[in-house]
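Working notes for the structure below.
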Amino acid sequence: MPWWSWILLWIALVALSLLFYVLLGIRLFRQFMATVHELSAGGKRFSHLDPFGETSDVEPSEAAKPAGSAVFASPEQMRHDYVTAKASRREVRRKRRVLRKAERGQPQSLHDIEFS
């Protein structure tokens with residue numbers, strides 16, 4: 001085999017490897033752009049949702065308290081706030097459970113039904 005055929009073989013190998021890397025780069029770029037488009041579409045879809053909407057159990061008056069106010073409050077006041085917040089969260093969960101079971105036609109628990 002003459003020496004120039006080895007040079008042609010190496011040129012072909014380098015050209016094929018460059019073509020492979022170019023095609024790989026194009027494929028990676030297209031996948032990256034598809035991911036970016038999906039993320040932007042998801043961001044547009046969820047950007048109009050209110051983060052403190054129906055799912056929030058926090059009362060607006062509790063959310064308006066300044067940060068660090070618990071440090072200077074009395075233990076009785078903090079205990080009262082904790083107990084009332086816990087009771088309100090339990091009541092909200094109980095009401096959601098009663099509505100969910102009523103929609104599905106499931107029997108209600110005696111603990112969930114208000115008799116008074």
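By order of appearance in the structure tokens: chains A, B, ..., then residues from 1 within every chain, and ligands from 1 in the order shown.
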Just asking: which residues within stretch 2-107 of chain A are helix (DSSP H, G or I) according to DSSP, as an MDAnalysis selection string? chainID A and resid 3:46 60:63 69:72 75:104
What does the structure give for the distance between atom CA of A:Ile113 and atom CA of A:Arg93, in Å to one decimal? 12.9 Å
Between A:Asp112, A:Lys65, A:Val71, A:Phe46, which has the minimum distance to A:Arg96 (counting only C-alpha atoms)?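 That would be A:Asp112, the residue with the smallest distance to A:Arg96.
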Any idea what's packed within 12 Å of A:Gln108, counting only C-alpha atoms, ignoring anything in its chain fewer than 6 positions away? Could you give it as a ChimeraX atom specification? /A:94-95,97-102,114
Kindly export the residues of the current selection with all heavy atoms, as a compact mmCIF listing (two decimals), in the first residue's frame.
```
# COMPACT_ATOMS: atom_id res chain seq x y z
N ARG A 94 -60.94 18.72 57.82
CA ARG A 94 -62.16 17.97 58.05
C ARG A 94 -63.21 18.34 57.02
O ARG A 94 -63.88 17.46 56.46
CB ARG A 94 -62.70 18.25 59.47
CG ARG A 94 -63.90 17.36 59.84
CD ARG A 94 -64.59 17.85 61.09
NE ARG A 94 -65.21 19.15 60.91
CZ ARG A 94 -66.37 19.36 60.27
NH1 ARG A 94 -67.02 18.35 59.75
NH2 ARG A 94 -66.85 20.57 60.14
N LYS A 95 -63.37 19.63 56.74
CA LYS A 95 -64.36 20.06 55.74
C LYS A 95 -64.02 19.53 54.35
O LYS A 95 -64.92 19.08 53.62
CB LYS A 95 -64.44 21.59 55.71
CG LYS A 95 -65.15 22.16 56.91
CD LYS A 95 -65.23 23.67 56.83
CE LYS A 95 -65.93 24.23 58.05
NZ LYS A 95 -65.99 25.70 58.03
N ARG A 97 -62.39 16.79 53.74
CA ARG A 97 -62.64 15.35 53.78
C ARG A 97 -64.12 15.05 53.65
O ARG A 97 -64.54 14.16 52.91
CB ARG A 97 -62.08 14.78 55.09
CG ARG A 97 -62.14 13.29 55.21
CD ARG A 97 -61.38 12.75 56.41
NE ARG A 97 -61.72 13.42 57.65
CZ ARG A 97 -60.88 14.16 58.37
NH1 ARG A 97 -59.64 14.34 57.97
NH2 ARG A 97 -61.27 14.73 59.49
N VAL A 98 -64.97 15.83 54.34
CA VAL A 98 -66.42 15.63 54.27
C VAL A 98 -66.92 15.88 52.84
O VAL A 98 -67.70 15.10 52.29
CB VAL A 98 -67.15 16.52 55.29
CG1 VAL A 98 -68.64 16.56 55.03
CG2 VAL A 98 -66.87 16.04 56.70
N LEU A 99 -66.45 16.97 52.22
CA LEU A 99 -66.87 17.27 50.85
C LEU A 99 -66.40 16.20 49.88
O LEU A 99 -67.15 15.78 48.99
CB LEU A 99 -66.32 18.63 50.42
CG LEU A 99 -67.00 19.85 51.02
CD1 LEU A 99 -66.26 21.12 50.62
CD2 LEU A 99 -68.44 19.92 50.57
N ARG A 100 -65.17 15.73 50.03
CA ARG A 100 -64.64 14.70 49.14
C ARG A 100 -65.43 13.41 49.26
O ARG A 100 -65.80 12.80 48.26
CB ARG A 100 -63.16 14.46 49.45
CG ARG A 100 -62.49 13.48 48.51
CD ARG A 100 -61.03 13.27 48.84
NE ARG A 100 -60.86 12.69 50.16
CZ ARG A 100 -60.21 13.27 51.17
NH1 ARG A 100 -59.66 14.45 51.01
NH2 ARG A 100 -60.09 12.66 52.33
N LYS A 101 -65.74 13.02 50.49
CA LYS A 101 -66.52 11.79 50.68
C LYS A 101 -67.94 11.95 50.18
O LYS A 101 -68.54 11.00 49.66
CB LYS A 101 -66.50 11.38 52.15
CG LYS A 101 -65.18 10.79 52.59
CD LYS A 101 -65.27 10.24 53.99
CE LYS A 101 -64.03 9.50 54.36
NZ LYS A 101 -64.17 8.79 55.63
N ALA A 102 -68.50 13.15 50.34
CA ALA A 102 -69.86 13.38 49.85
C ALA A 102 -69.90 13.33 48.32
O ALA A 102 -70.85 12.78 47.74
CB ALA A 102 -70.38 14.73 50.35
N GLU A 114 -70.90 16.97 61.95
CA GLU A 114 -71.25 17.87 63.06
C GLU A 114 -72.70 17.61 63.46
O GLU A 114 -73.60 17.72 62.64
CB GLU A 114 -71.07 19.32 62.63
CG GLU A 114 -69.65 19.72 62.40
CD GLU A 114 -69.54 21.17 62.03
OE1 GLU A 114 -70.48 21.95 62.31
OE2 GLU A 114 -68.53 21.55 61.44
```
Please measure the separation of atom CA of A:Leu24 and atom CA of A:Leu8, giving the value in Å to one decimal.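 These two atoms are separated by 24.1 Å.
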Take atom CA of A:Phe29 and atom CA of A:Ala12 and report the distance between them in Å, one decimal.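 For atom CA of A:Phe29 relative to atom CA of A:Ala12, the distance reads 25.5 Å.
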